[in-house]
$ cat run06.cif   # mmCIF, C-alpha atoms
data_final
loop_
_atom_site.label_atom_id
_atom_site.label_comp_id
_atom_site.auth_asym_id
_atom_site.auth_seq_id
_atom_site.Cartn_x
_atom_site.Cartn_y
_atom_site.Cartn_z
CA GLY A 1 0.00 0.00 0.00
CA GLN A 2 0.88 3.64 -0.03
CA ASN A 3 0.96 6.33 2.64
CA ILE A 4 1.32 9.99 1.72
CA ASP A 5 1.60 12.75 4.30
CA GLN A 6 1.46 16.50 3.83
CA PRO A 7 0.49 19.33 6.19
CA THR A 8 -3.20 20.14 6.29
CA GLU A 9 -2.92 23.92 6.21
CA MET A 10 -0.31 26.63 5.73
CA THR A 11 -0.44 30.40 5.75
CA ALA A 12 1.99 32.74 4.00
CA THR A 13 2.28 36.38 3.03
CA GLU A 14 1.99 37.82 -0.45
CA GLY A 15 5.42 38.16 -2.05
CA ALA A 16 7.02 35.59 0.25
CA ILE A 17 8.28 32.05 -0.38
CA VAL A 18 6.56 28.95 0.95
CA GLN A 19 7.64 25.31 0.96
CA ILE A 20 5.05 22.52 1.11
CA ASN A 21 6.47 19.16 2.16
CA CYS A 22 5.29 15.70 1.22
CA THR A 23 6.53 12.37 2.56
CA TYR A 24 5.52 9.05 1.12
CA GLN A 25 5.91 5.34 1.70
CA THR A 26 5.25 3.09 -1.26
CA SER A 27 5.86 -0.48 -2.29
CA GLY A 28 7.16 0.84 -5.62
CA PHE A 29 7.77 4.26 -7.12
CA ASN A 30 7.32 5.55 -10.62
CA GLY A 31 7.12 9.30 -10.09
CA LEU A 32 5.69 12.06 -7.92
CA PHE A 33 3.26 14.74 -9.04
CA TRP A 34 2.12 18.05 -7.63
CA TYR A 35 -1.28 19.45 -8.50
CA GLN A 36 -2.97 22.74 -7.60
CA GLN A 37 -6.68 22.75 -6.85
CA HIS A 38 -8.81 25.82 -6.30
CA ALA A 39 -12.00 25.34 -4.33
CA GLY A 40 -14.69 23.65 -6.41
CA GLU A 41 -12.40 23.15 -9.39
CA ALA A 42 -10.42 20.25 -10.84
CA PRO A 43 -6.75 19.61 -10.00
CA THR A 44 -4.31 21.34 -12.34
CA PHE A 45 -0.93 19.75 -13.09
CA LEU A 46 2.09 21.62 -11.70
CA SER A 47 5.09 19.28 -11.78
CA TYR A 48 6.36 15.74 -12.20
CA ASN A 49 9.54 14.36 -10.63
CA VAL A 50 10.84 10.88 -11.32
CA LEU A 51 14.55 11.43 -10.63
CA ASP A 52 16.17 13.00 -7.58
CA GLY A 53 16.74 16.73 -7.66
CA LEU A 54 15.07 20.03 -8.28
CA GLU A 55 12.78 20.86 -11.18
CA GLU A 56 12.13 24.55 -11.71
CA LYS A 57 9.24 26.00 -13.64
CA GLY A 58 8.75 29.72 -13.28
CA ARG A 59 7.69 30.62 -9.74
CA PHE A 60 7.17 26.96 -8.84
CA SER A 61 9.90 24.39 -8.13
CA SER A 62 9.63 20.79 -7.00
CA PHE A 63 12.25 18.65 -5.31
CA LEU A 64 12.46 14.88 -4.92
CA SER A 65 14.60 12.57 -2.79
CA ARG A 66 13.66 8.97 -3.51
CA SER A 67 15.93 7.53 -0.82
CA LYS A 68 14.17 9.65 1.82
CA GLY A 69 10.66 9.32 0.39
CA TYR A 70 10.42 13.09 0.41
CA SER A 71 9.37 15.87 -1.90
CA TYR A 72 8.61 19.54 -1.57
CA LEU A 73 6.91 22.17 -3.67
CA LEU A 74 8.43 25.64 -3.47
CA LEU A 75 6.34 28.65 -4.40
CA LYS A 76 8.14 31.96 -4.83
CA GLU A 77 6.82 35.53 -5.05
CA LEU A 78 3.48 34.42 -3.69
CA GLN A 79 0.36 35.97 -5.18
CA MET A 80 -3.14 36.03 -3.78
CA LYS A 81 -4.27 33.71 -6.59
CA ASP A 82 -1.91 31.04 -5.22
CA SER A 83 -4.40 30.46 -2.39
CA ALA A 84 -5.49 26.90 -3.13
CA SER A 85 -4.98 23.30 -2.11
CA TYR A 86 -1.77 21.63 -3.23
CA LEU A 87 -1.95 17.89 -3.77
CA CYS A 88 1.02 15.53 -3.68
CA ALA A 89 0.46 12.29 -5.63
CA VAL A 90 2.58 9.19 -6.21
CA LEU A 91 2.55 6.85 -9.18
CA ASP A 92 3.27 3.32 -8.05
CA THR A 93 5.36 0.88 -10.07
CA GLY A 94 3.23 -1.33 -12.24
CA ARG A 95 0.10 0.74 -11.74
CA ARG A 96 -1.23 3.68 -13.64
CA ALA A 97 -3.44 5.29 -11.01
CA LEU A 98 -2.22 8.09 -8.81
CA THR A 99 -2.43 7.89 -5.03
CA PHE A 100 -3.04 11.35 -3.59
CA GLY A 101 -2.35 12.88 -0.23
CA SER A 102 -5.15 14.79 1.46
CA GLY A 103 -3.76 18.09 0.21
CA THR A 104 -2.30 21.20 1.83
CA ARG A 105 -4.59 24.22 1.92
CA LEU A 106 -2.47 27.33 1.42
CA GLN A 107 -3.82 30.71 2.43
CA VAL A 108 -1.93 33.72 1.06
CA GLN A 109 -2.50 36.87 3.08
CA PRO A 110 -1.86 40.49 2.02
CA ASP B 1 -9.17 24.28 -19.70
CA THR B 2 -7.19 21.03 -19.98
CA GLY B 3 -9.16 19.65 -22.91
CA VAL B 4 -10.92 17.03 -20.78
CA SER B 5 -14.66 17.64 -20.57
CA GLN B 6 -17.26 16.15 -18.26
CA ASN B 7 -21.04 16.24 -18.26
CA PRO B 8 -23.10 17.09 -16.41
CA ARG B 9 -21.22 19.47 -14.14
CA HIS B 10 -23.76 19.08 -11.37
CA LYS B 11 -26.28 16.38 -10.58
CA ILE B 12 -28.82 16.22 -7.80
CA THR B 13 -30.68 12.97 -7.40
CA LYS B 14 -32.78 11.11 -4.88
CA ARG B 15 -31.50 8.08 -3.05
CA GLY B 16 -32.13 4.91 -5.02
CA GLN B 17 -32.00 6.53 -8.45
CA ASN B 18 -29.44 5.69 -11.13
CA VAL B 19 -27.08 8.32 -12.52
CA THR B 20 -24.67 8.35 -15.46
CA PHE B 21 -21.75 10.68 -16.03
CA ARG B 22 -19.80 11.22 -19.22
CA CYS B 23 -16.14 12.06 -19.79
CA ASP B 24 -14.51 13.11 -23.05
CA PRO B 25 -10.72 12.88 -22.76
CA ILE B 26 -8.08 14.75 -24.73
CA SER B 27 -8.42 13.26 -28.20
CA GLU B 28 -5.03 11.58 -28.60
CA HIS B 29 -4.93 10.24 -25.03
CA ASN B 30 -5.40 6.49 -24.80
CA ARG B 31 -5.60 6.27 -20.99
CA LEU B 32 -8.62 7.39 -19.04
CA TYR B 33 -9.14 7.40 -15.28
CA TRP B 34 -12.03 7.97 -12.91
CA TYR B 35 -11.48 9.36 -9.41
CA ARG B 36 -13.81 10.36 -6.60
CA GLN B 37 -13.12 13.26 -4.28
CA THR B 38 -14.88 14.19 -1.05
CA LEU B 39 -14.49 17.43 0.84
CA GLY B 40 -11.07 17.94 2.39
CA GLN B 41 -9.58 14.84 0.79
CA GLY B 42 -7.46 14.13 -2.23
CA PRO B 43 -8.96 12.28 -5.20
CA GLU B 44 -9.36 8.51 -4.76
CA PHE B 45 -8.85 6.19 -7.69
CA LEU B 46 -11.89 4.30 -8.99
CA THR B 47 -10.97 2.75 -12.33
CA TYR B 48 -8.68 3.01 -15.35
CA PHE B 49 -8.95 2.29 -19.08
CA GLN B 50 -6.28 1.71 -21.66
CA ASN B 51 -8.13 2.37 -24.91
CA GLU B 52 -11.38 0.40 -24.50
CA ALA B 53 -10.01 -2.12 -21.99
CA GLN B 54 -10.77 -1.61 -18.31
CA LEU B 55 -7.48 -2.65 -16.76
CA GLU B 56 -7.84 -1.76 -13.12
CA LYS B 57 -10.63 -1.25 -10.60
CA SER B 58 -10.42 -0.05 -7.04
CA ARG B 59 -12.14 -1.91 -4.21
CA LEU B 60 -14.03 1.37 -3.76
CA LEU B 61 -15.89 0.47 -6.92
CA SER B 62 -18.77 -1.56 -5.52
CA ASP B 63 -21.06 -3.60 -7.74
CA ARG B 64 -23.35 -0.57 -7.97
CA PHE B 65 -20.69 1.22 -10.01
CA SER B 66 -19.90 0.42 -13.63
CA ALA B 67 -17.76 2.18 -16.18
CA GLU B 68 -17.39 1.78 -19.91
CA ARG B 69 -15.27 3.14 -22.69
CA PRO B 70 -16.83 1.39 -25.68
CA LYS B 71 -14.79 2.81 -28.54
CA GLY B 72 -11.72 3.90 -26.66
CA SER B 73 -12.79 7.52 -26.76
CA PHE B 74 -15.38 8.87 -24.30
CA SER B 75 -16.25 7.02 -21.10
CA THR B 76 -19.33 6.74 -18.91
CA LEU B 77 -19.57 6.06 -15.21
CA GLU B 78 -22.90 4.76 -13.93
CA ILE B 79 -23.97 4.52 -10.32
CA GLN B 80 -27.03 2.38 -9.66
CA ARG B 81 -29.27 2.68 -6.60
CA THR B 82 -27.45 5.78 -5.37
CA GLU B 83 -26.81 6.24 -1.66
CA GLN B 84 -26.14 9.42 0.29
CA GLY B 85 -22.54 8.28 0.73
CA ASP B 86 -22.08 8.53 -3.03
CA SER B 87 -22.27 12.32 -2.80
CA ALA B 88 -18.89 13.54 -4.03
CA MET B 89 -17.04 15.12 -6.93
CA TYR B 90 -16.39 12.59 -9.69
CA LEU B 91 -13.27 13.46 -11.64
CA CYS B 92 -12.11 12.12 -14.96
CA ALA B 93 -8.51 12.35 -16.12
CA SER B 94 -6.63 11.28 -19.22
CA SER B 95 -3.01 10.70 -20.14
CA LEU B 96 -1.17 9.97 -23.35
CA GLY B 97 0.52 6.81 -22.11
CA GLN B 98 3.75 5.55 -23.68
CA LEU B 99 5.81 6.87 -20.77
CA GLN B 100 3.89 10.17 -20.79
CA GLU B 101 2.34 9.71 -17.36
CA THR B 102 0.93 13.14 -16.60
CA GLN B 103 -2.80 12.97 -15.99
CA TYR B 104 -4.95 15.94 -16.96
CA PHE B 105 -8.21 16.36 -15.12
CA GLY B 106 -11.61 17.45 -16.30
CA PRO B 107 -13.77 19.91 -14.33
CA GLY B 108 -15.61 17.12 -12.54
CA THR B 109 -19.23 16.22 -11.92
CA ARG B 110 -20.52 17.14 -8.50
CA LEU B 111 -23.12 14.63 -7.31
CA LEU B 112 -25.53 15.28 -4.47
CA VAL B 113 -27.72 12.41 -3.34
CA LEU B 114 -30.68 13.49 -1.24
#

$ encode --input "run06.cif" --output "C-alpha cells"
Amino acid sequence: GQNIDQPTEMTATEGAIVQINCTYQTSGFNGLFWYQQHAGEAPTFLSYNVLDGLEEKGRFSSFLSRSKGYSYLLLKELQMKDSASYLCAVLDTGRRALTFGSGTRLQVQP
Amino acid sequence: DTGVSQNPRHKITKRGQNVTFRCDPISEHNRLYWYRQTLGQGPEFLTYFQNEAQLEKSRLLSDRFSAERPKGSFSTLEIQRTEQGDSAMYLCASSLGQLQETQYFGPGTRLLVL
C-alpha cells in the first residue's frame, strides 16, 4: 500500500516564499506529481519528478529525494491567486493510477 | 481548460435513483481514469482504461458502479441505486501513455444524493 503525508494547512504572506512538504511510503515508485486545486475546481498539473533533484518551472519548483521518500513544492513571489490546495500524488510501479495525499490548503494573506 | 470535458457538471438525485456521467478525454490520449473526491480529501482512484479495456478497478468500486469506454474515446460512469454516501465530486482524467504519465483532469461532476 501507499501512505502519503502532507500538512493540512499553511499560511503565508503575499510576495514571500513557501515550501510545502510531502513524505511518502510506497511499495514501488514511478514518479511524484504536484497538482494545484482551487475550491470547487479540478486539479491542475504543476510538476512531475521521477529522478532526484530540483525541477524549476517559473515561480514553482519541485524537489524529490527517492531515498528519503520526500518531496517539496516551493512557491516563490506568492500571489493572492496562489491560495489553493496543493496535492502531492505518487505513481506506483506497475500501476497507472495516482495515489493522492489529502492536500495542503495554502492561504496567502496580504 | 485542460481539454478534458465532463457532463453534467452538477447532478442532484434522490437516493435509489441511477445516474450516469460522461467524460470526453483529450483526443489523442489512450488512458482514461475515474477518481472520486470528497471534501477535504485528495482524489481517490476508482478505475482506469487503456483504450477500451478496463485494466484496473479499485475496491471502492462496488457492484453498484460500472464504467465503460466502448470505442476507446469517451467514457461513462454509472452509479445504480445511489446512496447518500455517493455524494462527491467525480473526476475524470486522461493521459497519453507511452511513458507520458501526466494525468490531466476534467472539471468534474458534483453529485448530491438526497

$ closest_atom_pairs --input "run06.cif" --of "chain A" --to "chain B" --cutoff "8 Å" --atoms "all atoms listed in the file" --output "tab-separated table"
residue	atom	partner	partner_atom	distance
A:Glu41	CA	B:Pro107	CA	6.1
A:Ala42	CA	B:Pro107	CA	4.8
A:Pro43	CA	B:Phe105	CA	6.2
A:Thr44	CA	B:Phe105	CA	6.9
A:Phe45	CA	B:Tyr104	CA	6.8
A:Tyr48	CA	B:Thr102	CA	7.5
A:Leu87	CA	B:Gly42	CA	6.8
A:Arg96	CA	B:Tyr48	CA	7.7
A:Ala97	CA	B:Phe45	CA	6.4
A:Leu98	CA	B:Phe45	CA	7.0
A:Thr99	CA	B:Glu44	CA	7.0
A:Phe100	CA	B:Gly42	CA	5.4
A:Gly101	CA	B:Gly42	CA	5.6
A:Ser102	CA	B:Gly42	CA	4.4
A:Gly103	CA	B:Gly42	CA	5.9

$ residues_around --input "run06.cif" --residues "A:Gln109" --least-positions-apart "3" --cutoff "9 Å" --atoms "only C-alpha atoms" --output "PyMOL selection string"
chain A and resi 11-14+79-80+83

$ resolve_selection --input "run06.cif" --expression "the PyMOL selection byres ((chain A and resi 72) around 8)" --output "ChimeraX atom specification"
/A:19-22,62-64,70-71,73-74

$ write_last_selection --input "run06.cif" --atoms "C-alpha atoms" --output "short mmCIF file (atom, residue, chain, number, x, y, z; two decimals), in the coordinates of the input"
data_model
loop_
_atom_site.label_atom_id
_atom_site.label_comp_id
_atom_site.auth_asym_id
_atom_site.auth_seq_id
_atom_site.Cartn_x
_atom_site.Cartn_y
_atom_site.Cartn_z
CA GLN A 19 7.64 25.31 0.96
CA ILE A 20 5.05 22.52 1.11
CA ASN A 21 6.47 19.16 2.16
CA CYS A 22 5.29 15.70 1.22
CA SER A 62 9.63 20.79 -7.00
CA PHE A 63 12.25 18.65 -5.31
CA LEU A 64 12.46 14.88 -4.92
CA TYR A 70 10.42 13.09 0.41
CA SER A 71 9.37 15.87 -1.90
CA LEU A 73 6.91 22.17 -3.67
CA LEU A 74 8.43 25.64 -3.47
#

$ closest_residue --input "run06.cif" --among "B:Leu111, B:Asp24, B:His10, B:Gln100" --to "B:Ile79" --atoms "only C-alpha atoms"
B:Leu111

$ residues_around --input "run06.cif" --residues "B:Glu68" --least-positions-apart "6" --cutoff "8 Å" --atoms "all atoms listed in the file" --output "list in words"
Glu52, Gln54, Ser75, Thr76 and Leu77 of chain B

$ closest_residue --input "run06.cif" --among "A:Thr23, A:Leu75, A:Phe29, A:Ser67" --to "A:Leu46" --atoms "only C-alpha atoms"
A:Leu75

$ resolve_selection --input "run06.cif" --expression "the PyMOL selection byres ((chain A and resi 25) around 7)" --output "JSON, numbers by chain"
{"A": [2, 3, 4, 24, 26, 69]}

$ resolve_selection --input "run06.cif" --expression "the PyMOL selection byres ((chain B and resi 21) around 8)" --output "number ranges by chain"
B: 6-8, 19-20, 22-23, 76-78, 109

$ closest_residue --input "run06.cif" --among "A:Leu91, A:Leu54, A:Met10, A:Leu78" --to "A:Gly31" --atoms "only C-alpha atoms"
A:Leu91

$ atom_distance --input "run06.cif" --atom1 "atom CA of A:Val108" --atom2 "atom CA of A:Ala84"
8.8 Å

$ closest_residue --input "run06.cif" --among "B:Gln84, B:Ser66, B:Asn30, B:Asn51" --to "B:Gln17" --atoms "all atoms listed in the file"
B:Gln84

$ atom_distance --input "run06.cif" --atom1 "atom CA of A:Glu55" --atom2 "atom CA of A:Trp34"
11.6 Å

$ atom_distance --input "run06.cif" --atom1 "atom CA of A:Ser47" --atom2 "atom CA of A:Tyr35"
7.2 Å

$ residues_around --input "run06.cif" --residues "A:Asn30" --least-positions-apart "2" --cutoff "9 Å" --atoms "only C-alpha atoms" --output "ChimeraX atom specification"
/A:28,32,50,90-95

$ residues_around --input "run06.cif" --residues "B:Val113" --least-positions-apart "5" --cutoff "7 Å" --atoms "only C-alpha atoms" --output "list in words"
Ile12, Thr13, Lys14, Arg15, Thr82, Glu83, Gln84, Asp86 and Ser87 of chain B

$ residues_around --input "run06.cif" --residues "B:His29" --least-positions-apart "2" --cutoff "7 Å" --atoms "all atoms listed in the file" --output "count of residues only"
7

$ axis_aligned_box --input "run06.cif" --around "stretch 86-99 of chain B" --padding-each-side "8 Å" --output "AutoDock Vina command-line options"
--center_x -8.2 --center_y 10.3 --center_z -13.2 --size_x 44.1 --size_y 25.6 --size_z 36.9

$ decode --input "run06.cif" --residues "stretch 57-74 of chain A" --atoms "N, CA and C atoms" --output "compact mmCIF listing (two decimals), in the first residue's frame"
# COMPACT_ATOMS: atom_id res chain seq x y z
N LYS A 57 10.15 25.58 -12.59
CA LYS A 57 9.24 26.00 -13.64
C LYS A 57 8.62 27.32 -13.22
N GLY A 58 9.25 28.40 -13.63
CA GLY A 58 8.75 29.72 -13.28
C GLY A 58 8.82 29.95 -11.78
N ARG A 59 7.71 30.35 -11.18
CA ARG A 59 7.69 30.62 -9.74
C ARG A 59 7.62 29.33 -8.90
N PHE A 60 7.35 28.22 -9.57
CA PHE A 60 7.17 26.96 -8.84
C PHE A 60 8.38 26.04 -9.09
N SER A 61 8.84 25.40 -8.03
CA SER A 61 9.90 24.39 -8.13
C SER A 61 9.47 23.18 -7.33
N SER A 62 9.92 22.00 -7.76
CA SER A 62 9.63 20.79 -7.00
C SER A 62 10.89 19.98 -6.85
N PHE A 63 11.05 19.41 -5.66
CA PHE A 63 12.25 18.65 -5.31
C PHE A 63 11.85 17.24 -4.94
N LEU A 64 12.72 16.29 -5.27
CA LEU A 64 12.46 14.88 -4.92
C LEU A 64 13.72 14.24 -4.38
N SER A 65 13.57 13.48 -3.29
CA SER A 65 14.60 12.57 -2.79
C SER A 65 13.96 11.21 -2.65
N ARG A 66 14.27 10.30 -3.55
CA ARG A 66 13.66 8.97 -3.51
C ARG A 66 14.14 8.16 -2.32
N SER A 67 15.40 8.32 -1.94
CA SER A 67 15.93 7.53 -0.82
C SER A 67 15.25 7.93 0.49
N LYS A 68 14.82 9.17 0.59
CA LYS A 68 14.17 9.65 1.82
C LYS A 68 12.64 9.61 1.70
N GLY A 69 12.12 9.29 0.55
CA GLY A 69 10.66 9.32 0.39
C GLY A 69 10.10 10.70 0.65
N TYR A 70 10.72 11.70 0.05
CA TYR A 70 10.42 13.09 0.41
C TYR A 70 10.40 13.97 -0.82
N SER A 71 9.45 14.87 -0.84
CA SER A 71 9.37 15.87 -1.90
C SER A 71 8.91 17.18 -1.28
N TYR A 72 9.22 18.26 -1.94
CA TYR A 72 8.61 19.54 -1.57
C TYR A 72 8.28 20.34 -2.81
N LEU A 73 7.30 21.20 -2.65
CA LEU A 73 6.91 22.17 -3.67
C LEU A 73 7.26 23.55 -3.12
N LEU A 74 8.00 24.30 -3.89
CA LEU A 74 8.43 25.64 -3.47
C LEU A 74 7.72 26.68 -4.34
